[in-house]
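See structure below.
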Amino acid sequence: MQFKLIFLILWIICGPQTFASEFVENNVSFNFTYIPHEGDGLPNAGVLECTHERIRDLPDWKVVCGKNEKTYTAHIILRQAQKSSEPQTMLEIMYWITEPGDTPTSVRKYHSVSANIYLREKTDLFRMVLYQGVENDQSSLRLEVKR
């Protein structure tokens with residue numbers, strides 16, 4: 001009886017339609033850009049190009065925009081999964097930002113978005129652009145992902 005219960009639980013969790021998952025973070029390139037939502041009306045006013053470096057072995061990145069003008073921590077998980085029946089491709093996206101508080105002792109601010117995208121046919125990621133609001137949605141941290 002206990003074996004049947006364990007089997008039933010595993011079947012419900014895994015099921016016959018389970019996707020074979022693959023992390024894609026190591027097979028893509030990231031590019032971050034800081035974009036203010038309000039400016040003086042000039043194209044690209046206040047836009048800052050960003051650099052990023054991995055934090056340890058976590059899916060976290062230290063993002064520095066401009067000449068150390070803005071600093072964020074980006075938590076990014078991209079997973080692609082495929083199976084033989086519809087939907088054949090699933091993309092899982094987690095893009096979370098931690099921004100420092102206004103002072104060194106103030107509370108950090110957190111912003112996040114997660115999504116699962118289901119595609120009818122088998123396909124690979126080519127390019128994706130995501131925007132995450134920062135600074136009380138006065139600006140965005142744009143993430144471009146390319147394979």
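In the structure tokens, chains take letters A, B, ... by order of appearance, with residues numbered from 1 within each chain and ligands from 1 in the order shown.
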Select from range 12-144 of chain A everything DSSP, run on the backbone, classes as helix (DSSP H, G or I), then give the selection as a PyMOL selection string.
-> chain A and resi 12-14+25-27
Tell me, as a ChimeraX atom specification, which residues lie within 8 Å of Met128 in chain A, counting only C-alpha atoms; anything in the same chain fewer than 2 positions away does not count.
-> /A:125-126,130,144-146
Counting only C-alpha atoms, closest pick from A:Thr51, A:Thr33, A:Gln88, A:Asn27 relative to Thr123 in chain A is A:Gln88
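Note that the spacing between CA of Glu121 in chain A and CA of Gln80 in chain A amounts to 12.8 Å.
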So, counting only C-alpha atoms, which residue among A:Ser84, A:Thr105, A:Thr73, A:Ser29 is closest to Leu141 in chain A?
-> A:Thr73
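If you look at CA of Ala115 in chain A and CA of Met90 in chain A, they are 10.2 Å away from each other.
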Pairwise distance for CA of Glu38 in chain A and CA of Val107 in chain A, rounded to one decimal in Å =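 CA of Val107 in chain A lies at a distance of 24.9 Å from CA of Glu38 in chain A.
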Residues at most 7 Å from range 56-64 of chain A, counting only C-alpha atoms, excluding those fewer than 6 positions away in the same chain, as an MDAnalysis selection string?
-> chainID A and resid 50 70:77
Nearest to Tyr95 in chain A, chosen from A:Asn116, A:Glu49, A:Leu143, A:Lys67, with only C-alpha atoms counted in the distances | A:Leu143
Option closest in space to Gly46 in chain A, from A:Glu99, A:Glu92, A:Asp124, A:Glu69 [counting only C-alpha atoms] =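 Using only C-alpha atoms, Gly46 in chain A sits closest to A:Glu69.
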